[in-house]
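Undergrad: Contents of input19.cif (mmCIF, C-alpha atoms, pLDDT in the B column; chains and numbers go by the auth columns) are given next:
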```
data_entry
#
loop_
_atom_site.group_PDB
_atom_site.id
_atom_site.type_symbol
_atom_site.label_atom_id
_atom_site.label_comp_id
_atom_site.label_asym_id
_atom_site.label_seq_id
_atom_site.Cartn_x
_atom_site.Cartn_y
_atom_site.Cartn_z
_atom_site.B_iso_or_equiv
_atom_site.auth_seq_id
_atom_site.auth_asym_id
ATOM 1 C CA GLU A 1 161.274 -207.676 160.952 95.00 28 I
ATOM 2 C CA ALA A 2 157.495 -208.043 160.644 96.00 29 I
ATOM 3 C CA ALA A 3 157.707 -211.805 161.267 97.00 30 I
ATOM 4 C CA PHE A 4 159.994 -211.192 164.260 97.00 31 I
ATOM 5 C CA VAL A 5 157.661 -208.547 165.742 98.00 32 I
ATOM 6 C CA ASN A 6 154.568 -210.737 165.219 98.00 33 I
ATOM 7 C CA SER A 7 156.261 -213.722 166.842 98.00 34 I
ATOM 8 C CA VAL A 8 157.395 -211.703 169.859 98.00 35 I
ATOM 9 C CA ASN A 9 153.987 -210.029 170.212 98.00 36 I
ATOM 10 C CA SER A 10 152.041 -213.296 170.179 98.00 37 I
ATOM 11 C CA THR A 11 154.260 -214.762 172.904 97.00 38 I
ATOM 12 C CA LEU A 12 154.211 -211.676 175.138 97.00 39 I
ATOM 13 C CA ARG A 13 150.423 -211.312 174.811 97.00 40 I
ATOM 14 C CA GLU A 14 150.029 -214.914 176.006 95.00 41 I
ATOM 15 C CA GLY A 15 152.169 -214.114 179.049 95.00 42 I
ATOM 16 C CA GLY A 16 155.233 -215.988 177.812 96.00 43 I
ATOM 17 C CA LYS A 17 158.911 -215.199 177.675 97.00 44 I
ATOM 18 C CA VAL A 18 160.975 -214.847 174.508 98.00 45 I
ATOM 19 C CA LEU A 19 164.548 -216.150 174.667 98.00 46 I
ATOM 20 C CA ILE A 20 166.844 -214.991 171.892 98.00 47 I
ATOM 21 C CA PRO A 21 170.217 -216.769 171.858 97.00 48 I
ATOM 22 C CA ILE A 22 172.453 -214.203 170.190 96.00 49 I
ATOM 23 C CA PRO A 23 176.052 -213.400 169.267 95.00 50 I
ATOM 24 C CA ALA A 24 177.251 -210.416 171.349 93.00 51 I
ATOM 25 C CA VAL A 25 178.688 -208.387 168.477 93.00 52 I
ATOM 26 C CA GLY A 26 176.654 -207.093 165.549 91.00 53 I
ATOM 27 C CA ARG A 27 173.474 -209.152 165.625 94.00 54 I
ATOM 28 C CA ALA A 28 172.725 -208.234 169.246 94.00 55 I
ATOM 29 C CA GLN A 29 172.917 -204.523 168.433 94.00 56 I
ATOM 30 C CA GLU A 30 170.769 -205.008 165.324 94.00 57 I
ATOM 31 C CA ILE A 31 168.053 -206.803 167.316 97.00 58 I
ATOM 32 C CA MET A 32 168.254 -204.198 170.094 95.00 59 I
ATOM 33 C CA MET A 33 167.615 -201.462 167.511 94.00 60 I
ATOM 34 C CA VAL A 34 164.631 -203.385 166.104 96.00 61 I
ATOM 35 C CA ILE A 35 163.127 -203.987 169.560 97.00 62 I
ATOM 36 C CA ASP A 36 163.660 -200.366 170.635 95.00 63 I
ATOM 37 C CA HIS A 37 162.145 -199.004 167.406 94.00 64 I
ATOM 38 C CA TYR A 38 159.034 -201.209 167.438 97.00 65 I
ATOM 39 C CA MET A 39 158.348 -200.786 171.165 96.00 66 I
ATOM 40 C CA LYS A 40 158.638 -197.001 170.888 95.00 67 I
ATOM 41 C CA SER A 41 156.325 -196.957 167.855 96.00 68 I
ATOM 42 C CA GLY A 42 153.758 -199.102 169.694 97.00 69 I
ATOM 43 C CA GLU A 43 153.977 -201.933 167.163 98.00 70 I
ATOM 44 C CA MET A 44 155.617 -204.305 169.665 98.00 71 I
ATOM 45 C CA VAL A 45 154.155 -205.150 173.053 97.00 72 I
ATOM 46 C CA GLU A 46 156.103 -203.225 175.693 96.00 73 I
ATOM 47 C CA ALA A 47 157.908 -205.593 178.035 96.00 74 I
ATOM 48 C CA PRO A 48 161.205 -205.608 179.887 96.00 75 I
ATOM 49 C CA VAL A 49 164.185 -206.691 177.788 96.00 76 I
ATOM 50 C CA PHE A 50 167.050 -208.332 179.654 96.00 77 I
ATOM 51 C CA THR A 51 170.525 -208.676 178.133 95.00 78 I
ATOM 52 C CA GLU A 52 173.270 -210.907 179.447 94.00 79 I
ATOM 53 C CA GLY A 53 176.733 -211.845 178.304 90.00 80 I
ATOM 54 C CA MET A 54 179.105 -209.533 176.479 93.00 81 I
ATOM 55 C CA ILE A 55 176.235 -207.636 174.821 93.00 82 I
ATOM 56 C CA SER A 56 176.576 -204.466 176.913 90.00 83 I
ATOM 57 C CA GLU A 57 180.345 -204.363 176.378 92.00 84 I
ATOM 58 C CA ALA A 58 179.971 -204.785 172.608 90.00 85 I
ATOM 59 C CA SER A 59 177.232 -202.138 172.538 88.00 86 I
ATOM 60 C CA ALA A 60 179.501 -199.745 174.449 88.00 87 I
ATOM 61 C CA ILE A 61 182.114 -200.109 171.704 88.00 88 I
ATOM 62 C CA HIS A 62 179.460 -199.246 169.100 85.00 89 I
ATOM 63 C CA GLU A 63 178.544 -196.165 171.152 84.00 90 I
ATOM 64 C CA ALA A 64 182.190 -195.143 171.600 86.00 91 I
ATOM 65 C CA TYR A 65 182.859 -195.194 167.841 88.00 92 I
ATOM 66 C CA PRO A 66 179.627 -193.963 166.207 87.00 93 I
ATOM 67 C CA GLU A 67 181.551 -192.591 163.207 87.00 94 I
ATOM 68 C CA TYR A 68 181.761 -196.192 161.925 87.00 95 I
ATOM 69 C CA LEU A 69 178.003 -196.724 162.091 86.00 96 I
ATOM 70 C CA ALA A 70 175.273 -195.901 159.570 86.00 97 I
ATOM 71 C CA ARG A 71 174.577 -192.158 159.291 86.00 98 I
ATOM 72 C CA GLU A 72 171.115 -192.313 160.873 86.00 99 I
ATOM 73 C CA LEU A 73 172.368 -194.356 163.842 87.00 100 I
ATOM 74 C CA LYS A 74 175.401 -192.101 164.253 83.00 101 I
ATOM 75 C CA GLN A 75 173.099 -189.061 164.422 83.00 102 I
ATOM 76 C CA LYS A 76 170.838 -190.744 166.990 82.00 103 I
ATOM 77 C CA ILE A 77 173.802 -191.495 169.245 81.00 104 I
ATOM 78 C CA LEU A 78 175.582 -188.149 168.871 81.00 105 I
ATOM 79 C CA GLU A 79 172.809 -185.608 168.411 81.00 106 I
ATOM 80 C CA THR A 80 169.725 -186.900 170.249 78.00 107 I
ATOM 81 C CA ASP A 81 168.706 -188.697 173.420 74.00 108 I
ATOM 82 C CA ASP A 82 167.402 -191.580 171.287 79.00 109 I
ATOM 83 C CA ASN A 83 170.331 -194.001 171.596 79.00 110 I
ATOM 84 C CA PRO A 84 168.802 -197.433 170.862 83.00 111 I
ATOM 85 C CA PHE A 85 171.544 -199.225 172.842 85.00 112 I
ATOM 86 C CA ASP A 86 170.723 -197.204 175.944 84.00 113 I
ATOM 87 C CA SER A 87 166.947 -197.582 175.735 87.00 114 I
ATOM 88 C CA GLU A 88 164.778 -197.558 178.840 90.00 115 I
ATOM 89 C CA TYR A 89 163.496 -201.003 177.796 93.00 116 I
ATOM 90 C CA PHE A 90 166.887 -202.702 178.308 94.00 117 I
ATOM 91 C CA THR A 91 168.270 -204.019 181.574 92.00 118 I
ATOM 92 C CA ASN A 92 171.688 -205.644 181.648 92.00 119 I
ATOM 93 C CA VAL A 93 171.926 -208.696 183.903 93.00 120 I
ATOM 94 C CA GLU A 94 175.370 -208.282 185.397 89.00 121 I
ATOM 95 C CA HIS A 95 175.546 -211.351 187.622 86.00 122 I
ATOM 96 C CA GLN A 96 173.971 -214.815 187.836 83.00 123 I
ATOM 97 C CA ASP A 97 172.126 -213.843 191.017 82.00 124 I
ATOM 98 C CA ALA A 98 170.220 -211.177 189.047 86.00 125 I
ATOM 99 C CA ARG A 99 168.569 -213.814 186.788 88.00 126 I
ATOM 100 C CA GLU A 100 165.667 -214.173 189.198 86.00 127 I
ATOM 101 C CA GLU A 101 163.774 -211.217 187.733 84.00 128 I
ATOM 102 C CA PRO A 102 163.771 -212.365 184.083 89.00 129 I
ATOM 103 C CA LEU A 103 162.921 -215.920 185.157 86.00 130 I
ATOM 104 C CA ARG A 104 160.145 -214.913 187.574 85.00 131 I
ATOM 105 C CA GLU A 105 156.977 -216.865 186.931 82.00 132 I
ATOM 106 C CA GLY A 106 154.212 -215.042 185.079 81.00 133 I
ATOM 107 C CA SER A 107 156.183 -211.998 183.973 91.00 134 I
ATOM 108 C CA PRO A 108 156.424 -211.698 180.179 96.00 135 I
ATOM 109 C CA CYS A 109 159.791 -210.454 178.941 97.00 136 I
ATOM 110 C CA ILE A 110 162.419 -210.730 176.237 97.00 137 I
ATOM 111 C CA ILE A 111 165.837 -212.137 177.081 97.00 138 I
ATOM 112 C CA LEU A 112 168.862 -211.623 174.813 97.00 139 I
ATOM 113 C CA ALA A 113 171.695 -213.852 175.992 96.00 140 I
ATOM 114 C CA THR A 114 174.948 -215.168 174.565 95.00 141 I
ATOM 115 C CA SER A 115 175.916 -217.593 173.010 91.00 142 I
ATOM 116 C CA GLY A 116 173.929 -217.623 169.805 93.00 143 I
ATOM 117 C CA MET A 117 174.084 -221.387 169.145 96.00 144 I
ATOM 118 C CA LEU A 118 173.281 -222.628 172.676 95.00 145 I
ATOM 119 C CA GLU A 119 176.824 -223.935 173.040 93.00 146 I
ATOM 120 C CA GLY A 120 177.753 -222.189 176.272 91.00 147 I
ATOM 121 C CA GLY A 121 177.373 -218.942 178.121 90.00 148 I
ATOM 122 C CA PRO A 122 174.497 -217.506 180.122 93.00 149 I
ATOM 123 C CA VAL A 123 171.866 -218.494 177.534 95.00 150 I
ATOM 124 C CA LEU A 124 172.003 -222.095 178.777 94.00 151 I
ATOM 125 C CA GLU A 125 170.580 -221.247 182.221 92.00 152 I
ATOM 126 C CA TYR A 126 167.719 -219.349 180.610 95.00 153 I
ATOM 127 C CA PHE A 127 167.156 -222.157 178.120 96.00 154 I
ATOM 128 C CA LYS A 128 166.780 -224.761 180.898 94.00 155 I
ATOM 129 C CA ASN A 129 164.082 -222.650 182.537 93.00 156 I
ATOM 130 C CA ILE A 130 162.281 -221.371 179.448 95.00 157 I
ATOM 131 C CA ALA A 131 162.271 -224.355 177.064 96.00 158 I
ATOM 132 C CA PRO A 132 159.876 -226.640 179.020 96.00 159 I
ATOM 133 C CA ASP A 133 157.009 -224.089 179.113 95.00 160 I
ATOM 134 C CA LYS A 134 154.846 -224.114 175.971 95.00 161 I
ATOM 135 C CA ASN A 135 153.925 -220.434 176.497 96.00 162 I
ATOM 136 C CA ASN A 136 157.547 -219.412 176.004 97.00 163 I
ATOM 137 C CA LYS A 137 159.408 -219.101 172.724 97.00 164 I
ATOM 138 C CA ILE A 138 163.007 -219.441 171.618 97.00 165 I
ATOM 139 C CA LEU A 139 163.786 -217.272 168.592 97.00 166 I
ATOM 140 C CA PHE A 140 166.959 -217.883 166.630 97.00 167 I
ATOM 141 C CA VAL A 141 168.198 -214.782 164.817 96.00 168 I
ATOM 142 C CA SER A 142 171.576 -216.084 163.699 95.00 169 I
ATOM 143 C CA TYR A 143 172.969 -219.070 161.837 95.00 170 I
ATOM 144 C CA GLN A 144 172.957 -222.411 163.660 96.00 171 I
ATOM 145 C CA VAL A 145 175.915 -224.604 162.686 97.00 172 I
ATOM 146 C CA ASN A 146 175.290 -228.343 162.253 97.00 173 I
ATOM 147 C CA GLY A 147 176.204 -230.254 165.393 95.00 174 I
ATOM 148 C CA THR A 148 175.317 -227.436 167.800 95.00 175 I
ATOM 149 C CA MET A 149 172.500 -227.636 170.297 96.00 176 I
ATOM 150 C CA GLY A 150 170.963 -224.610 168.592 96.00 177 I
ATOM 151 C CA ARG A 151 170.748 -226.564 165.331 97.00 178 I
ATOM 152 C CA ARG A 152 169.189 -229.565 167.077 96.00 179 I
ATOM 153 C CA VAL A 153 166.534 -227.341 168.668 97.00 180 I
ATOM 154 C CA LEU A 154 165.920 -225.503 165.394 96.00 181 I
ATOM 155 C CA ASP A 155 165.503 -228.838 163.608 96.00 182 I
ATOM 156 C CA GLY A 156 162.737 -229.824 166.034 95.00 183 I
ATOM 157 C CA ALA A 157 164.371 -231.739 168.893 96.00 184 I
ATOM 158 C CA ARG A 158 161.858 -232.306 171.702 96.00 185 I
ATOM 159 C CA GLN A 159 164.587 -233.058 174.268 96.00 186 I
ATOM 160 C CA VAL A 160 168.249 -232.164 174.627 96.00 187 I
ATOM 161 C CA SER A 161 170.885 -233.282 177.085 93.00 188 I
ATOM 162 C CA MET A 162 173.224 -230.780 178.645 91.00 189 I
ATOM 163 C CA LEU A 163 175.707 -230.609 181.479 86.00 190 I
ATOM 164 C CA GLY A 164 174.170 -229.277 184.637 81.00 191 I
ATOM 165 C CA LYS A 165 175.589 -228.175 187.935 78.00 192 I
ATOM 166 C CA GLU A 166 178.146 -230.521 189.487 83.00 193 I
ATOM 167 C CA GLY A 167 178.805 -231.969 186.009 85.00 194 I
ATOM 168 C CA LYS A 168 175.658 -234.105 185.908 90.00 195 I
ATOM 169 C CA VAL A 169 173.819 -234.577 182.620 92.00 196 I
ATOM 170 C CA GLU A 170 170.369 -232.971 182.597 92.00 197 I
ATOM 171 C CA VAL A 171 167.615 -233.643 180.083 94.00 198 I
ATOM 172 C CA VAL A 172 165.679 -230.532 179.041 95.00 199 I
ATOM 173 C CA ASN A 173 162.226 -231.019 177.517 96.00 200 I
ATOM 174 C CA ILE A 174 161.343 -228.526 174.815 96.00 201 I
#
```
Output the file's structure as structure tokens, nothing else.
TA:
Amino acid sequence: EAAFVNSVNSTLREGGKVLIPIPAVGRAQEIMMVIDHYMKSGEMVEAPVFTEGMISEASAIHEAYPEYLARELKQKILETDDNPFDSEYFTNVEHQDAREEPLREGSPCIILATSGMLEGGPVLEYFKNIAPDKNNKILFVSYQVNGTMGRRVLDGARQVSMLGKEGKVEVVNI
């Protein structure tokens, strides 16, 4: 967690954006709890956190069945107003047209988007916009299977090809 917080802080302080490709179930909720905790304690730079994909739906299931969660988290959800999945820091991006705010130039933020291995989903649009800027950072918080774009990026690729709009191949510089 300390390495994660330090990495996020250094990027946000420099005015960059942090993109976290993430699986919607389990790891997303874990990272949301970490971000909420460290921002509230003042140990992480406060910045907007945008979520996109099935993250809000998966989090709602966690909230609906708190009896299956760890005791401390269950108590937070049921007995206090300190639900980490419903934090004031988080904004769910519900439609593609709402991506303008997280991608706005010069506004530091954290973006949690599915899929976790850069193989599809809303994360790809963010990746295309965030990867070319050296002030931004892509943080992998889940396993990257060999052969996935996430693995290629993690292994140090400086360019990747991906399908763009109208089915044309686009080269993204990292």
Undergrad: Could you tell me how far atom CA of Asp124 of chain I sits from atom CA of Ala158 of chain I, in Å to one decimal place?
TA: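 Separating atom CA of Ala158 of chain I from atom CA of Asp124 of chain I is a distance of 20.1 Å.
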Undergrad: One decimal, in Å: what's the spacing between atom CA of Leu145 of chain I and atom CA of Asn200 of chain I?
TA: 14.7 Å
Undergrad: How far is it from atom CA of Ile165 of chain I to atom CA of Ala125 of chain I, in Å with one decimal?
TA: 20.6 Å
Undergrad: Taking the file as shown, what set of residues would the PyMOL selection byres ((chain I and resi 41) around 12) give back, as a PyMOL selection string?
TA: chain I and resi 34-40+42-45+72+133-136+160-164
Undergrad: Which residue is closest to Ala74 of chain I? Choose from I:Ile104, I:Ile137, I:Val199, I:Val150 and count all atoms listed in the file.
TA: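 Among the listed residues, I:Ile137 lies closest to Ala74 of chain I.
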Undergrad: Give me, as JSON, numbers by chain, all polymer residues having an atom no more than 10 Å from Met144 of chain I, counting only C-alpha atoms and skipping those fewer than 6 positions away in the same chain.
TA: {"I": [48, 49, 50, 150, 151, 167, 168, 169, 170, 171, 172, 173, 174, 175, 176, 177, 178, 179, 180, 181]}
Undergrad: For the file shown, what are the residues hit by the PyMOL selection byres ((chain I and resi 90) around 12), laid out as a list in words?
TA: Gln56, Ser83, Glu84, Ala85, Ser86, Ala87, Ile88, His89, Ala91, Tyr92, Pro93, Glu94, Tyr95, Leu96, Leu100, Lys101, Gln102, Lys103, Ile104, Leu105, Asn110, Pro111, Phe112 and Asp113 of chain I
Undergrad: Write the residues of the preceding selection, restricted to C-alpha atoms, as an mmCIF file, in the frame of the given file.
TA:
```cif
data_model
loop_
_atom_site.group_PDB
_atom_site.id
_atom_site.type_symbol
_atom_site.label_atom_id
_atom_site.label_comp_id
_atom_site.auth_asym_id
_atom_site.auth_seq_id
_atom_site.Cartn_x
_atom_site.Cartn_y
_atom_site.Cartn_z
ATOM 1 C CA GLN I 56 172.917 -204.523 168.433
ATOM 2 C CA SER I 83 176.576 -204.466 176.913
ATOM 3 C CA GLU I 84 180.345 -204.363 176.378
ATOM 4 C CA ALA I 85 179.971 -204.785 172.608
ATOM 5 C CA SER I 86 177.232 -202.138 172.538
ATOM 6 C CA ALA I 87 179.501 -199.745 174.449
ATOM 7 C CA ILE I 88 182.114 -200.109 171.704
ATOM 8 C CA HIS I 89 179.460 -199.246 169.100
ATOM 9 C CA ALA I 91 182.190 -195.143 171.600
ATOM 10 C CA TYR I 92 182.859 -195.194 167.841
ATOM 11 C CA PRO I 93 179.627 -193.963 166.207
ATOM 12 C CA GLU I 94 181.551 -192.591 163.207
ATOM 13 C CA TYR I 95 181.761 -196.192 161.925
ATOM 14 C CA LEU I 96 178.003 -196.724 162.091
ATOM 15 C CA LEU I 100 172.368 -194.356 163.842
ATOM 16 C CA LYS I 101 175.401 -192.101 164.253
ATOM 17 C CA GLN I 102 173.099 -189.061 164.422
ATOM 18 C CA LYS I 103 170.838 -190.744 166.990
ATOM 19 C CA ILE I 104 173.802 -191.495 169.245
ATOM 20 C CA LEU I 105 175.582 -188.149 168.871
ATOM 21 C CA ASN I 110 170.331 -194.001 171.596
ATOM 22 C CA PRO I 111 168.802 -197.433 170.862
ATOM 23 C CA PHE I 112 171.544 -199.225 172.842
ATOM 24 C CA ASP I 113 170.723 -197.204 175.944
#
```
Undergrad: Around all the atoms of segment 89-94 of chain I listed in the file, with 4 Å of room on each side, what axis-aligned box do you get, giving centre and edge lengths in Å to one decimal, as JSON?
TA:
```
{"center_x": 180.7, "center_y": -195.9, "center_z": 167.4, "size_x": 12.3, "size_y": 14.7, "size_z": 16.4}
```
Undergrad: Can you pull out every residue within 12 Å of Pro75 of chain I, counting all atoms listed in the file, but drop anything in the same chain fewer than 2 positions away, and send it as a list of chain:residue names?
TA: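 Once the adjacent positions are removed, what remains is I:Leu39, I:Lys44, I:Val45, I:Ile62, I:Asp63, I:Met66, I:Met71, I:Val72, I:Glu73, I:Phe77, I:Thr78, I:Ser114, I:Glu115, I:Tyr116, I:Phe117, I:Thr118, I:Asn119, I:Val120, I:Glu128, I:Pro129, I:Leu130, I:Ser134, I:Pro135, I:Cys136, I:Ile137, I:Ile138, I:Leu139.
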Undergrad: Save the residues we just selected, C-alpha atoms, as a PDB file, in the frame of the given file?
TA:
```
ATOM      1  CA  LEU I  39     154.211-211.676 175.138  1.00 97.00           C
ATOM      2  CA  LYS I  44     158.911-215.199 177.675  1.00 97.00           C
ATOM      3  CA  VAL I  45     160.975-214.847 174.508  1.00 98.00           C
ATOM      4  CA  ILE I  62     163.127-203.987 169.560  1.00 97.00           C
ATOM      5  CA  ASP I  63     163.660-200.366 170.635  1.00 95.00           C
ATOM      6  CA  MET I  66     158.348-200.786 171.165  1.00 96.00           C
ATOM      7  CA  MET I  71     155.617-204.305 169.665  1.00 98.00           C
ATOM      8  CA  VAL I  72     154.155-205.150 173.053  1.00 97.00           C
ATOM      9  CA  GLU I  73     156.103-203.225 175.693  1.00 96.00           C
ATOM     10  CA  PHE I  77     167.050-208.332 179.654  1.00 96.00           C
ATOM     11  CA  THR I  78     170.525-208.676 178.133  1.00 95.00           C
ATOM     12  CA  SER I 114     166.947-197.582 175.735  1.00 87.00           C
ATOM     13  CA  GLU I 115     164.778-197.558 178.840  1.00 90.00           C
ATOM     14  CA  TYR I 116     163.496-201.003 177.796  1.00 93.00           C
ATOM     15  CA  PHE I 117     166.887-202.702 178.308  1.00 94.00           C
ATOM     16  CA  THR I 118     168.270-204.019 181.574  1.00 92.00           C
ATOM     17  CA  ASN I 119     171.688-205.644 181.648  1.00 92.00           C
ATOM     18  CA  VAL I 120     171.926-208.696 183.903  1.00 93.00           C
ATOM     19  CA  GLU I 128     163.774-211.217 187.733  1.00 84.00           C
ATOM     20  CA  PRO I 129     163.771-212.365 184.083  1.00 89.00           C
ATOM     21  CA  LEU I 130     162.921-215.920 185.157  1.00 86.00           C
ATOM     22  CA  SER I 134     156.183-211.998 183.973  1.00 91.00           C
ATOM     23  CA  PRO I 135     156.424-211.698 180.179  1.00 96.00           C
ATOM     24  CA  CYS I 136     159.791-210.454 178.941  1.00 97.00           C
ATOM     25  CA  ILE I 137     162.419-210.730 176.237  1.00 97.00           C
ATOM     26  CA  ILE I 138     165.837-212.137 177.081  1.00 97.00           C
ATOM     27  CA  LEU I 139     168.862-211.623 174.813  1.00 97.00           C
TER      28      LEU I 139
END
```
Undergrad: When you count only C-alpha atoms, which of these residues is closest to Val198 of chain I: I:Ile82, I:Phe154, I:Val76, I:Leu166?
TA: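 Checking each candidate against Val198 of chain I, we get I:Phe154 as the closest.
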Undergrad: Can you work out which one of I:Ile47, I:Ala97, I:Met189, I:Ala184 has the shortest atom-to-atom distance to Ile201 of chain I, counting all atoms listed in the file?
TA: I:Ala184
Undergrad: Calculated over all atoms listed in the file, which of the candidates I:Glu99, I:Glu70, I:Glu152, I:Glu57 has the smallest distance to Arg126 of chain I?
TA: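 The shortest atom-to-atom distance to Arg126 of chain I comes from I:Glu152.
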Undergrad: Smallest atom-to-atom distance to Gly147 of chain I: which of I:Ala29, I:Gly191, I:Met59, I:Gly53, using all atoms listed in the file?
TA: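 Answer, going by the shortest atom-to-atom distance: I:Gly191.
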